[in-house]
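Asks: What follows is start_12.pdb, PDB, C-alpha atoms.
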ATOM      1  CA  TYR I  24     -26.647  43.168 -42.750
ATOM      2  CA  VAL I  25     -30.097  42.554 -44.267
ATOM      3  CA  LYS I  26     -32.231  44.010 -47.040
ATOM      4  CA  ARG I  27     -35.039  43.033 -49.391
ATOM      5  CA  VAL I  28     -35.058  43.499 -53.146
ATOM      6  CA  PRO I  29     -37.924  42.902 -55.633
ATOM      7  CA  LEU I  30     -37.458  39.431 -57.084
ATOM      8  CA  ASP I  31     -37.617  40.581 -60.710
ATOM      9  CA  THR I  32     -34.434  42.629 -60.155
ATOM     10  CA  TYR I  33     -32.503  39.508 -61.182
ATOM     11  CA  ARG I  34     -33.053  38.013 -64.641
ATOM     12  CA  GLU I  35     -32.333  34.337 -65.257
ATOM     13  CA  GLN I  36     -29.017  33.453 -66.897
ATOM     14  CA  GLY I  37     -27.544  30.354 -68.485
ATOM     15  CA  ARG I  38     -25.895  27.701 -66.333
ATOM     16  CA  GLY I  39     -22.197  28.361 -65.734
ATOM     17  CA  GLY I  40     -22.376  32.152 -66.025
ATOM     18  CA  LYS I  41     -20.529  34.633 -63.814
ATOM     19  CA  GLY I  42     -23.737  36.504 -62.839
ATOM     20  CA  ILE I  43     -24.057  40.064 -61.506
ATOM     21  CA  ILE I  44     -23.261  41.778 -58.228
ATOM     22  CA  ALA I  45     -26.057  40.981 -55.754
ATOM     23  CA  SER I  46     -24.874  43.204 -52.921
ATOM     24  CA  ASP I  47     -22.007  45.347 -51.742
ATOM     25  CA  THR I  48     -19.964  43.741 -48.964
ATOM     26  CA  ARG I  49     -17.435  44.867 -46.382
ATOM     27  CA  ASP I  50     -14.034  43.366 -45.671
ATOM     28  CA  ASP I  51     -14.321  39.943 -43.974
ATOM     29  CA  ASP I  52     -18.072  39.842 -44.739
ATOM     30  CA  PHE I  53     -20.003  37.867 -47.356
ATOM     31  CA  ILE I  54     -23.566  37.030 -48.369
ATOM     32  CA  ALA I  55     -24.697  33.918 -46.484
ATOM     33  CA  HIS I  56     -28.511  33.673 -46.850
ATOM     34  CA  LEU I  57     -31.132  34.426 -49.456
ATOM     35  CA  PHE I  58     -34.847  33.538 -49.335
ATOM     36  CA  VAL I  59     -38.132  34.425 -51.030
ATOM     37  CA  ALA I  60     -41.112  35.813 -49.064
ATOM     38  CA  GLU I  61     -44.131  38.133 -49.302
ATOM     39  CA  THR I  62     -44.191  41.492 -47.563
ATOM     40  CA  HIS I  63     -46.960  40.740 -45.014
ATOM     41  CA  ASP I  64     -45.714  37.309 -43.962
ATOM     42  CA  ASP I  65     -44.553  36.851 -40.373
ATOM     43  CA  LEU I  66     -40.831  36.266 -40.518
ATOM     44  CA  LEU I  67     -39.336  33.946 -37.895
ATOM     45  CA  CYS I  68     -35.611  34.614 -37.476
ATOM     46  CA  PHE I  69     -33.649  31.800 -35.829
ATOM     47  CA  THR I  70     -30.153  32.210 -34.394
ATOM     48  CA  ASP I  71     -27.251  29.793 -34.144
ATOM     49  CA  THR I  72     -27.722  29.691 -30.360
ATOM     50  CA  GLY I  73     -31.278  28.330 -30.730
ATOM     51  CA  ARG I  74     -33.298  31.527 -30.156
ATOM     52  CA  VAL I  75     -36.138  32.804 -32.389
ATOM     53  CA  PHE I  76     -37.529  36.289 -33.135
ATOM     54  CA  LYS I  77     -40.642  37.330 -35.092
ATOM     55  CA  ILE I  78     -40.974  40.399 -37.339
ATOM     56  CA  LYS I  79     -42.916  41.281 -40.496
ATOM     57  CA  VAL I  80     -41.179  40.932 -43.860
ATOM     58  CA  PHE I  81     -41.942  44.575 -44.676
ATOM     59  CA  GLU I  82     -39.880  45.595 -41.620
ATOM     60  CA  VAL I  83     -36.777  44.460 -43.518
ATOM     61  CA  PRO I  84     -35.731  47.620 -45.417
ATOM     62  CA  GLU I  85     -36.156  47.582 -49.196
ATOM     63  CA  MET I  86     -32.926  48.707 -50.858
ATOM     64  CA  SER I  87     -31.170  48.670 -54.217
ATOM     65  CA  ARG I  88     -29.477  45.601 -55.683
ATOM     66  CA  THR I  89     -25.960  46.841 -54.909
ATOM     67  CA  SER I  90     -26.579  48.347 -51.476
ATOM     68  CA  LEU I  91     -25.001  46.889 -48.348
ATOM     69  CA  GLY I  92     -28.220  46.642 -46.326
ATOM     70  CA  ARG I  93     -28.912  47.496 -42.694
ATOM     71  CA  SER I  94     -27.552  45.760 -39.621
ATOM     72  CA  ILE I  95     -30.062  43.140 -38.443
ATOM     73  CA  ILE I  96     -29.392  44.167 -34.851
ATOM     74  CA  ASN I  97     -31.636  47.174 -35.641
ATOM     75  CA  LEU I  98     -34.537  44.757 -36.173
ATOM     76  CA  ILE I  99     -34.022  42.048 -33.516
ATOM     77  CA  ASP I 100     -32.285  41.977 -30.141
ATOM     78  CA  LEU I 101     -29.209  39.838 -30.788
ATOM     79  CA  ARG I 102     -26.674  39.111 -28.060
ATOM     80  CA  GLU I 103     -22.974  39.661 -28.502
ATOM     81  CA  GLY I 104     -21.539  36.997 -30.828
ATOM     82  CA  GLU I 105     -24.987  35.643 -31.771
ATOM     83  CA  ARG I 106     -25.897  35.347 -35.456
ATOM     84  CA  THR I 107     -29.046  34.540 -37.410
ATOM     85  CA  CYS I 108     -28.853  31.216 -39.256
ATOM     86  CA  ALA I 109     -32.371  30.399 -40.567
ATOM     87  CA  TYR I 110     -35.537  32.208 -41.619
ATOM     88  CA  LEU I 111     -39.117  31.049 -42.127
ATOM     89  CA  ALA I 112     -42.043  33.034 -43.553
ATOM     90  CA  VAL I 113     -45.350  32.029 -41.912
ATOM     91  CA  LYS I 114     -48.875  33.121 -42.924
ATOM     92  CA  ASN I 115     -50.904  31.309 -40.202
ATOM     93  CA  PHE I 116     -49.660  29.729 -36.965
ATOM     94  CA  GLU I 117     -52.905  27.877 -36.226
ATOM     95  CA  SER I 118     -53.902  26.233 -39.524
ATOM     96  CA  GLY I 119     -53.342  22.478 -39.818
ATOM     97  CA  SER I 120     -51.184  20.164 -37.728
ATOM     98  CA  HIS I 121     -47.876  21.731 -38.615
ATOM     99  CA  PHE I 122     -44.540  21.380 -36.864
ATOM    100  CA  LEU I 123     -41.327  23.347 -36.847
ATOM    101  CA  THR I 124     -38.565  20.819 -37.492
ATOM    102  CA  PHE I 125     -35.054  21.859 -36.471
ATOM    103  CA  VAL I 126     -31.695  20.390 -37.458
ATOM    104  CA  SER I 127     -28.330  21.324 -35.999
ATOM    105  CA  LYS I 128     -24.891  21.193 -37.609
ATOM    106  CA  GLY I 129     -24.129  18.329 -35.243
ATOM    107  CA  GLY I 130     -26.940  16.218 -36.739
ATOM    108  CA  ILE I 131     -29.570  16.707 -33.995
ATOM    109  CA  VAL I 132     -33.244  16.865 -35.063
ATOM    110  CA  LYS I 133     -36.226  18.223 -33.105
ATOM    111  CA  ARG I 134     -39.941  18.693 -33.890
ATOM    112  CA  THR I 135     -42.255  21.093 -32.048
ATOM    113  CA  ALA I 136     -45.810  22.219 -32.899
ATOM    114  CA  LEU I 137     -45.800  25.490 -34.890
ATOM    115  CA  LYS I 138     -48.415  27.089 -32.628
ATOM    116  CA  ALA I 139     -45.904  26.978 -29.753
ATOM    117  CA  TYR I 140     -44.102  29.860 -31.510
ATOM    118  CA  ALA I 141     -47.121  32.090 -32.208
ATOM    119  CA  ASN I 142     -46.331  34.556 -29.402
ATOM    120  CA  VAL I 143     -42.688  35.209 -30.207
ATOM    121  CA  SER I 144     -41.735  38.873 -29.795
ATOM    122  CA  ARG I 145     -38.944  41.163 -30.932
ATOM    123  CA  ALA I 146     -37.117  40.265 -27.685
ATOM    124  CA  GLY I 147     -36.994  36.598 -28.753
ATOM    125  CA  LEU I 148     -37.272  33.287 -26.887
ATOM    126  CA  ILE I 149     -35.606  29.861 -26.797
ATOM    127  CA  ALA I 150     -36.646  27.839 -29.855
ATOM    128  CA  VAL I 151     -34.497  24.738 -29.294
ATOM    129  CA  GLY I 152     -32.060  23.575 -26.647
ATOM    130  CA  LEU I 153     -28.550  22.960 -28.016
ATOM    131  CA  LYS I 154     -25.616  21.056 -26.566
ATOM    132  CA  GLU I 155     -22.348  22.868 -25.982
ATOM    133  CA  GLY I 156     -20.359  23.124 -29.205
ATOM    134  CA  ASP I 157     -23.386  22.598 -31.471
ATOM    135  CA  ALA I 158     -25.228  25.260 -33.506
ATOM    136  CA  LEU I 159     -28.612  25.468 -35.195
ATOM    137  CA  LEU I 160     -28.406  24.994 -38.989
ATOM    138  CA  ASP I 161     -31.934  25.160 -40.421
ATOM    139  CA  VAL I 162     -35.660  24.984 -39.698
ATOM    140  CA  THR I 163     -38.534  23.776 -41.898
ATOM    141  CA  LEU I 164     -42.314  23.369 -41.637
ATOM    142  CA  THR I 165     -43.582  19.754 -41.699
ATOM    143  CA  ASP I 166     -47.105  18.294 -41.498
ATOM    144  CA  GLY I 167     -46.511  15.164 -39.392
ATOM    145  CA  ASN I 168     -46.251  12.687 -42.312
ATOM    146  CA  ASP I 169     -43.178  13.977 -44.129
ATOM    147  CA  ASP I 170     -39.758  12.423 -44.603
ATOM    148  CA  LEU I 171     -36.655  14.433 -43.703
ATOM    149  CA  LEU I 172     -33.457  14.354 -45.738
ATOM    150  CA  LEU I 173     -30.190  15.541 -44.176
ATOM    151  CA  ALA I 174     -27.023  16.107 -46.238
ATOM    152  CA  THR I 175     -23.510  16.673 -44.926
ATOM    153  CA  ARG I 176     -20.406  18.615 -45.916
ATOM    154  CA  ALA I 177     -18.557  15.361 -46.639
ATOM    155  CA  GLY I 178     -21.181  14.266 -49.173
ATOM    156  CA  GLN I 179     -23.254  11.883 -47.009
ATOM    157  CA  SER I 180     -27.054  11.881 -46.735
ATOM    158  CA  ILE I 181     -29.864  10.204 -44.829
ATOM    159  CA  ARG I 182     -33.636  10.145 -45.389
ATOM    160  CA  PHE I 183     -36.045   9.095 -42.623
ATOM    161  CA  SER I 184     -39.627   9.645 -41.476
ATOM    162  CA  GLU I 185     -40.206  12.707 -39.330
ATOM    163  CA  GLU I 186     -42.215  10.474 -36.980
ATOM    164  CA  ASP I 187     -38.876   8.957 -35.933
ATOM    165  CA  ALA I 188     -38.287  12.270 -34.127
ATOM    166  CA  ARG I 189     -41.159  12.552 -31.642
ATOM    167  CA  ASP I 190     -42.947  15.850 -30.932
ATOM    168  CA  MET I 191     -41.117  17.702 -28.137
ATOM    169  CA  GLY I 192     -41.501  20.879 -26.104
ATOM    170  CA  ARG I 193     -40.145  24.214 -27.260
ATOM    171  CA  GLY I 194     -36.929  24.124 -25.217
ATOM    172  CA  ALA I 195     -36.058  20.433 -25.763
ATOM    173  CA  ALA I 196     -32.711  19.446 -27.274
ATOM    174  CA  GLY I 197     -33.885  16.846 -29.821
ATOM    175  CA  VAL I 198     -32.541  13.455 -30.971
ATOM    176  CA  LYS I 199     -29.772  12.236 -33.297
ATOM    177  CA  GLY I 200     -30.695  12.475 -36.977
ATOM    178  CA  ILE I 201     -27.421  11.264 -38.523
ATOM    179  CA  GLU I 202     -24.157   9.792 -37.259
ATOM    180  CA  LEU I 203     -21.352  12.142 -38.341
ATOM    181  CA  ALA I 204     -17.639  11.573 -38.847
ATOM    182  CA  ASP I 205     -15.424  13.657 -36.554
ATOM    183  CA  ASP I 206     -14.720  16.357 -39.172
ATOM    184  CA  ASP I 207     -18.178  16.382 -40.812
ATOM    185  CA  GLN I 208     -21.284  18.515 -40.252
ATOM    186  CA  VAL I 209     -24.820  18.800 -41.637
ATOM    187  CA  ILE I 210     -25.181  21.419 -44.410
ATOM    188  CA  GLY I 211     -28.722  20.788 -45.669
ATOM    189  CA  LEU I 212     -32.243  19.859 -44.531
ATOM    190  CA  VAL I 213     -34.932  18.998 -47.120
ATOM    191  CA  ARG I 214     -38.569  18.277 -46.360
ATOM    192  CA  VAL I 215     -39.924  15.387 -48.473
ATOM    193  CA  PRO I 216     -43.780  15.522 -48.526
ATOM    194  CA  MET I 217     -45.302  12.032 -48.361
ATOM    195  CA  GLN I 218     -48.715  10.611 -49.304
ATOM    196  CA  ARG I 219     -50.294   7.169 -49.267
ATOM    197  CA  ASP I 220     -50.035   5.200 -52.508
ATOM    198  CA  ALA I 221     -52.989   3.683 -54.375
ATOM    199  CA  ASP I 222     -53.094   0.492 -52.272
ATOM    200  CA  GLY I 223     -53.047   2.533 -49.050
ATOM    201  CA  ASP I 224     -50.399   0.449 -47.286
ATOM    202  CA  SER I 225     -47.292   2.549 -47.924
ATOM    203  CA  MET I 226     -46.186   6.169 -48.239
ATOM    204  CA  THR I 227     -44.701   7.626 -51.415
ATOM    205  CA  ALA I 228     -43.084  10.942 -52.309
ATOM    206  CA  ASP I 229     -43.753  13.281 -55.213
ATOM    207  CA  THR I 230     -41.477  11.824 -57.919
ATOM    208  CA  SER I 231     -40.924  15.297 -59.407
ATOM    209  CA  LEU I 232     -38.897  16.295 -56.309
ATOM    210  CA  ALA I 233     -35.108  16.071 -56.609
ATOM    211  CA  LEU I 234     -32.193  16.823 -54.306
ATOM    212  CA  LEU I 235     -29.937  19.531 -55.723
ATOM    213  CA  THR I 236     -26.476  19.531 -54.170
ATOM    214  CA  VAL I 237     -24.049  22.446 -54.686
ATOM    215  CA  THR I 238     -20.340  22.448 -53.793
ATOM    216  CA  ASP I 239     -18.046  25.288 -52.773
ATOM    217  CA  LYS I 240     -16.099  25.054 -56.050
ATOM    218  CA  GLY I 241     -19.201  25.733 -58.137
ATOM    219  CA  TYR I 242     -20.358  22.209 -59.039
ATOM    220  CA  GLY I 243     -23.848  20.792 -58.627
ATOM    221  CA  LYS I 244     -26.205  17.952 -59.507
ATOM    222  CA  ARG I 245     -29.874  16.947 -59.273
ATOM    223  CA  THR I 246     -30.781  13.456 -58.057
ATOM    224  CA  PRO I 247     -34.322  11.933 -57.866
ATOM    225  CA  ILE I 248     -35.458  11.989 -54.258
ATOM    226  CA  ASP I 249     -36.292   8.259 -54.164
ATOM    227  CA  GLU I 250     -32.634   7.358 -54.750
ATOM    228  CA  TYR I 251     -32.216   8.246 -51.064
ATOM    229  CA  ARG I 252     -34.465   5.383 -49.958
ATOM    230  CA  VAL I 253     -33.276   1.779 -49.640
ATOM    231  CA  GLN I 254     -34.527  -1.296 -51.487
ATOM    232  CA  PRO I 255     -34.899  -4.378 -49.241
ATOM    233  CA  GLU I 256     -34.302  -7.862 -50.693
ATOM    234  CA  SER I 257     -38.076  -8.246 -50.692
ATOM    235  CA  GLY I 258     -40.872  -5.696 -50.549
ATOM    236  CA  LYS I 259     -41.097  -2.021 -51.470
ATOM    237  CA  MET I 260     -38.518   0.694 -51.093
ATOM    238  CA  ARG I 261     -38.406   2.279 -47.652
ATOM    239  CA  SER I 262     -36.821   5.229 -45.901
ATOM    240  CA  GLN I 263     -33.844   4.686 -43.641
ATOM    241  CA  SER I 264     -33.867   4.760 -39.849
ATOM    242  CA  ARG I 265     -32.928   7.926 -37.991
ATOM    243  CA  GLY I 266     -29.461   8.041 -36.444
ATOM    244  CA  GLY I 267     -27.497   5.994 -38.985
ATOM    245  CA  LYS I 268     -24.472   7.017 -41.076
ATOM    246  CA  GLY I 269     -26.611   7.369 -44.189
ATOM    247  CA  ARG I 270     -25.639   6.923 -47.848
ATOM    248  CA  VAL I 271     -23.316   8.741 -50.264
ATOM    249  CA  ASP I 272     -24.970  11.774 -51.885
ATOM    250  CA  ILE I 273     -22.200  13.264 -54.051
ATOM    251  CA  LYS I 274     -18.693  12.096 -54.967
ATOM    252  CA  LEU I 275     -16.326  14.772 -53.651
ATOM    253  CA  THR I 276     -12.881  15.340 -55.138
ATOM    254  CA  GLU I 277     -10.211  18.046 -55.257
ATOM    255  CA  LYS I 278     -11.985  19.301 -58.406
ATOM    256  CA  ASN I 279     -15.464  19.927 -56.983
ATOM    257  CA  GLY I 280     -14.664  20.602 -53.302
ATOM    258  CA  ASN I 281     -17.077  20.093 -50.398
ATOM    259  CA  SER I 282     -20.874  20.282 -50.275
ATOM    260  CA  ILE I 283     -22.200  23.650 -49.085
ATOM    261  CA  ALA I 284     -25.941  23.359 -49.866
ATOM    262  CA  ALA I 285     -28.553  20.633 -50.401
ATOM    263  CA  LEU I 286     -31.946  21.823 -51.668
ATOM    264  CA  GLY I 287     -35.247  20.297 -52.772
ATOM    265  CA  VAL I 288     -36.185  21.330 -56.330
ATOM    266  CA  ARG I 289     -39.017  20.584 -58.786
ATOM    267  CA  PRO I 290     -39.368  21.119 -62.541
ATOM    268  CA  GLY I 291     -39.622  24.833 -63.312
ATOM    269  CA  ASP I 292     -37.832  25.992 -60.154
ATOM    270  CA  GLY I 293     -35.005  28.501 -60.301
ATOM    271  CA  LEU I 294     -31.672  28.426 -58.492
ATOM    272  CA  VAL I 295     -29.664  31.322 -57.072
ATOM    273  CA  VAL I 296     -25.986  30.706 -56.237
ATOM    274  CA  ILE I 297     -23.986  33.263 -54.220
ATOM    275  CA  THR I 298     -20.214  33.500 -53.785
ATOM    276  CA  ARG I 299     -18.054  34.799 -50.960
ATOM    277  CA  ASN I 300     -17.147  37.896 -52.989
ATOM    278  CA  GLY I 301     -20.784  38.794 -53.659
ATOM    279  CA  GLN I 302     -21.339  37.406 -57.179
ATOM    280  CA  LEU I 303     -24.857  36.063 -57.822
ATOM    281  CA  VAL I 304     -25.805  33.609 -60.572
ATOM    282  CA  ARG I 305     -29.483  32.848 -61.194
ATOM    283  CA  MET I 306     -30.508  29.983 -63.494
ATOM    284  CA  ALA I 307     -33.262  27.431 -64.117
ATOM    285  CA  ALA I 308     -32.651  24.365 -61.937
ATOM    286  CA  ASP I 309     -33.693  22.176 -64.890
ATOM    287  CA  THR I 310     -30.467  23.162 -66.695
ATOM    288  CA  ILE I 311     -28.420  21.283 -64.070
ATOM    289  CA  ARG I 312     -27.943  17.666 -65.109
ATOM    290  CA  GLU I 313     -29.955  14.993 -63.286
ATOM    291  CA  CYS I 314     -27.720  12.116 -62.256
ATOM    292  CA  GLY I 315     -27.509   9.425 -59.612
ATOM    293  CA  ARG I 316     -26.155   9.408 -56.081
ATOM    294  CA  GLY I 317     -22.386   9.226 -55.830
ATOM    295  CA  THR I 318     -21.687  11.228 -59.005
ATOM    296  CA  GLN I 319     -19.525  14.360 -59.164
ATOM    297  CA  GLY I 320     -21.936  16.803 -60.818
ATOM    298  CA  VAL I 321     -21.424  19.585 -63.405
ATOM    299  CA  ARG I 322     -20.212  23.178 -63.161
ATOM    300  CA  VAL I 323     -23.040  25.558 -62.222
ATOM    301  CA  ALA I 324     -21.009  28.745 -61.679
ATOM    302  CA  SER I 325     -17.694  29.996 -63.064
ATOM    303  CA  LEU I 326     -15.698  31.372 -60.147
ATOM    304  CA  ASN I 327     -12.973  33.984 -60.114
ATOM    305  CA  GLU I 328      -9.658  32.913 -58.597
ATOM    306  CA  GLY I 329      -9.868  32.864 -54.803
ATOM    307  CA  ASP I 330     -13.674  32.982 -54.763
ATOM    308  CA  GLU I 331     -15.996  30.195 -53.579
ATOM    309  CA  VAL I 332     -19.696  29.442 -53.362
ATOM    310  CA  VAL I 333     -21.087  30.091 -49.865
ATOM    311  CA  ALA I 334     -24.863  29.782 -50.300
ATOM    312  CA  ALA I 335     -27.584  28.684 -52.703
ATOM    313  CA  ALA I 336     -31.363  29.165 -52.654
ATOM    314  CA  VAL I 337     -34.333  27.866 -54.651
ATOM    315  CA  VAL I 338     -36.815  30.212 -56.331
ATOM    316  CA  PRO I 339     -40.043  28.133 -56.688
ATOM    317  CA  GLU I 340     -41.650  28.078 -60.138
ATOM    318  CA  SER I 341     -44.637  30.143 -58.964
ATOM    319  CA  GLU I 342     -42.293  32.888 -57.743
ATOM    320  CA  ARG I 343     -39.786  33.058 -60.609
ATOM    321  CA  ASP I 344     -41.583  35.994 -62.217
ATOM    322  CA  THR I 345     -43.246  38.730 -60.113
ATOM    323  CA  ASP I 346     -46.855  39.323 -61.186
ATOM    324  CA  ALA I 347     -47.070  42.927 -62.400
ATOM    325  CA  ASN I 348     -50.757  43.025 -61.419
ATOM    326  CA  ALA I 349     -50.226  41.750 -57.865
ATOM    327  CA  GLU I 350     -51.668  43.744 -54.990
ATOM    328  CA  PRO I 351     -49.116  45.640 -52.858
ATOM    329  CA  ASP I 352     -49.692  43.426 -49.835
ATOM    330  CA  THR I 353     -48.530  40.333 -51.730
ATOM    331  CA  GLU I 354     -45.353  41.838 -53.143
ATOM    332  CA  GLN I 355     -42.566  39.295 -53.485
ATOM    333  CA  ASN I 356     -39.061  40.121 -52.409
ATOM    334  CA  GLU I 357     -35.662  38.576 -52.121
ATOM    335  CA  ALA I 358     -34.124  39.298 -48.737
TER     336      ALA I 358
END
Could you write out this file's structure as structure tokens?
Replies:
Amino acid sequence: YVKRVPLDTYREQGRGGKGIIASDTRDDDFIAHLFVAETHDDLLCFTDTGRVFKIKVFEVPEMSRTSLGRSIINLIDLREGERTCAYLAVKNFESGSHFLTFVSKGGIVKRTALKAYANVSRAGLIAVGLKEGDALLDVTLTDGNDDLLLATRAGQSIRFSEEDARDMGRGAAGVKGIELADDDQVIGLVRVPMQRDADGDSMTADTSLALLTVTDKGYGKRTPIDEYRVQPESGKMRSQSRGGKGRVDIKLTEKNGNSIAALGVRPGDGLVVITRNGQLVRMAADTIRECGRGTQGVRVASLNEGDEVVAAAVVPESERDTDANAEPDTEQNEA
């Protein structure tokens, strides 16, 4: 079920609050995805089987905060057993040298030029080839010079240059991004924009970017993005190589559970945390303590007995408050 709701429906609360009901749910159903977009954006809808569909954001019905929503099968032609797993709002398919970068739960990464997906229809097409037993996790836009950071359910992470995953055709399967333990899977993909430093011989990231990790028992932490690079015995810090086991992101215990989301945040951003039973807590990301890799984190949401966090989303600083004077065709919604 899908719907869109004006972003200013939800006021910010203090860290650790119980929040308000974000949506009605049915038995055996729960809120799994939330994202911010503008009404006239093209919305690419990716499924766990590797297919993609394109609709307009305004085609998603606008409904009240507590309504259930409408079945997404009314908007796109899903097959039996197929589910949507990622969404991307796009304003222009031709501007710049942009890529769609895919990551699967099994740790496979693939890059394909964005323009290859300009002619997607409501009927859908193959966006990425997947091996049997694997499923698509997430998709992000990259510009050819970015780093990619993958985080796993077991608290591992790896950061490498997107150039390590060569540009491939639309139906290609991709390459290994991280080596996973048998019972682990990827739960987060973060794009790390890179630029050349003052001497021009190395690439650096925006130091304001941090990785925010959230666990299913309501704990979270922010860690500076450069803690996910490695420091050689001599020379400057560098990103890791694609395909390795990575480094520890968060210390997981019986108290804080397993990682369920890993998000890139900057000062001023907001965070929305959603639980299996439909509770929604919205807070400023800055209120979550910044600490190093391998730490346990702090409580970000107080959960009722039997409930658990199932999803988290970032509200960028520029979108935390809807502009009352905005034109109708740039209306911001949560969907």
Asks: Write out as JSON, numbers by chain which residues come within 10 Å of Asp207 (chain I) when counting all atoms listed in the file, dropping same-chain ones fewer than 5 positions away.
Replies: {"I": [128, 129, 130, 175, 176, 177, 178, 179, 202]}
Asks: Starting from the shown file, work through the PyMOL selection byres ((chain I and resi 147) around 6) and note down what comes out as a ChimeraX atom specification.
Replies: /I:75-76,144-146,148
Asks: Contacts of Ile311 (chain I) at 12 Å or less, counting only C-alpha atoms, minus same-chain residues fewer than 4 places along, as a VMD selection string?
Replies: chain I and resid 37 to 39 233 to 237 241 to 246 288 to 294 305 to 307 320 to 324
Asks: Given the file shown, enumerate the residues that the PyMOL selection byres ((chain I and resi 229) around 9) captures and present them as an MDAnalysis selection string.
Replies: chainID I and resid 215:218 227:228 230:232 248
Asks: With distances taken over only C-alpha atoms, which residue among I:Ile283, I:Val83, I:Ala139, I:Leu67 lies nearest Val332 (chain I)?
Replies: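 For Val332 (chain I), the nearest of the candidates is I:Ile283.
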Asks: Go through I:Arg106, I:Ile99, I:Lys114, I:Ala204 and flag the residue nearest Ala60 (chain I), using only C-alpha atoms for the distances.
Replies: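 For Ala60 (chain I), the nearest of the given residues is I:Lys114.
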Asks: Take the PyMOL selection byres ((chain I and resi 329) around 12), apply it to the structure above, and return the hits as a list in words.
Replies: Asp239, Lys240, Thr298, Arg299, Asn300, Ser325, Leu326, Asn327, Glu328, Asp330, Glu331 and Val332 of chain I
Asks: Write out the residues from the selection above, keeping C-alpha atoms, as a compact mmCIF listing (two decimals), in the frame of the given file.
Replies:
# COMPACT_ATOMS: atom_id res chain seq x y z
CA ASP I 239 -18.05 25.29 -52.77
CA LYS I 240 -16.10 25.05 -56.05
CA THR I 298 -20.21 33.50 -53.78
CA ARG I 299 -18.05 34.80 -50.96
CA ASN I 300 -17.15 37.90 -52.99
CA SER I 325 -17.69 30.00 -63.06
CA LEU I 326 -15.70 31.37 -60.15
CA ASN I 327 -12.97 33.98 -60.11
CA GLU I 328 -9.66 32.91 -58.60
CA ASP I 330 -13.67 32.98 -54.76
CA GLU I 331 -16.00 30.20 -53.58
CA VAL I 332 -19.70 29.44 -53.36
Asks: Once 3 Å is added on each side, what are the centre and the three edge lengths, in Å to one decimal, of the axis-aligned box enclosing the listed atoms of region 283-298 of chain I? Present them as lines of an AutoDock Vina configuration file.
Replies:
center_x = -29.9
center_y = 26.9
center_z = -56.2
size_x = 25.4
size_y = 19.2
size_z = 20.2
Asks: Compare I:Glu85, I:Gly104, I:Thr238, I:Ala112 by their minimum atom-to-atom distance to Val59 (chain I), counting all atoms listed in the file, and give me the closest one.
Replies: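 Looking only at the distances to Val59 (chain I), the closest residue turns out to be I:Ala112.
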Asks: Of the candidates I:Gly200, I:Ile131, I:Ala141, I:Ser282, which one gets nearest to Leu66 (chain I) if we count all atoms listed in the file?
Replies: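 Between I:Gly200, I:Ile131, I:Ala141, I:Ser282, the residue approaching Leu66 (chain I) most closely is I:Ala141.
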Asks: Using only C-alpha atoms, which residues sit within 12 Å of Met226 (chain I) once same-chain residues fewer than 2 positions away are excluded, as a list in words?
Replies: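 Within the cut-off, the hits are Asn168, Asp169, Asp170, Phe183, Ser184, Val215, Pro216, Met217, Gln218, Arg219, Asp220, Ala221, Asp222, Gly223, Asp224, Ala228, Asp229, Asp249, Arg252, Lys259, Met260, Arg261 and Ser262 of chain I.
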Asks: How close does region 97-198 of chain I get to region 263-268 of chain I? List, as CSV, each residue of region 97-198 of chain I within 7 Å, its nearest atom pair and the distance in Å to one decimal, counting all atoms listed in the file.
Replies:
residue,atom,partner,partner_atom,distance
I:Ile181,CA,I:Gln263,CA,6.9
I:Arg182,CA,I:Gln263,CA,5.7
I:Phe183,CA,I:Gln263,CA,5.0
I:Asp187,CA,I:Arg265,CA,6.4
Asks: In Å, rounded to a single decimal, give me how far CA of Gly269 (chain I) is from CA of Leu212 (chain I).
Replies: 13.7 Å
Asks: Could you tell me how far CA of Val295 (chain I) sits from CA of Arg312 (chain I), in Å to one decimal place?
Replies: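 Separating CA of Arg312 (chain I) from CA of Val295 (chain I) is a distance of 15.9 Å.
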Asks: Just checking: using all atoms listed in the file, which residue out of I:Lys26, I:Lys79, I:Arg193, I:Arg74 ends up closest to Leu159 (chain I)?
Replies: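 That would be I:Arg74, the residue with the smallest distance to Leu159 (chain I).
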Asks: Counting only C-alpha atoms, which of I:Phe81, I:Tyr24, I:Tyr251, I:Phe69 gets nearest to Leu173 (chain I)?
Replies: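 Smallest distance to Leu173 (chain I) is found for I:Tyr251.
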Asks: Excluding Leu160 (chain I) and its own-chain neighbours fewer than 2 positions away, which residues fall within 7 Å of it when counting only C-alpha atoms? Please give them as a PDB file with C-alpha atoms, in the frame of the given file.
Replies:
ATOM      1  CA  ASP I  71     -27.251  29.793 -34.144  1.00  0.00           C
ATOM      2  CA  CYS I 108     -28.853  31.216 -39.256  1.00  0.00           C
ATOM      3  CA  ALA I 109     -32.371  30.399 -40.567  1.00  0.00           C
ATOM      4  CA  VAL I 126     -31.695  20.390 -37.458  1.00  0.00           C
ATOM      5  CA  SER I 127     -28.330  21.324 -35.999  1.00  0.00           C
ATOM      6  CA  LYS I 128     -24.891  21.193 -37.609  1.00  0.00           C
ATOM      7  CA  ALA I 158     -25.228  25.260 -33.506  1.00  0.00           C
TER       8      ALA I 158
END
Asks: Please compute the CA of Arg189 (chain I)-CA of Thr124 (chain I) distance, one decimal, in Å.
Replies: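 So the two atoms, CA of Arg189 (chain I) and CA of Thr124 (chain I), lie 10.5 Å apart.
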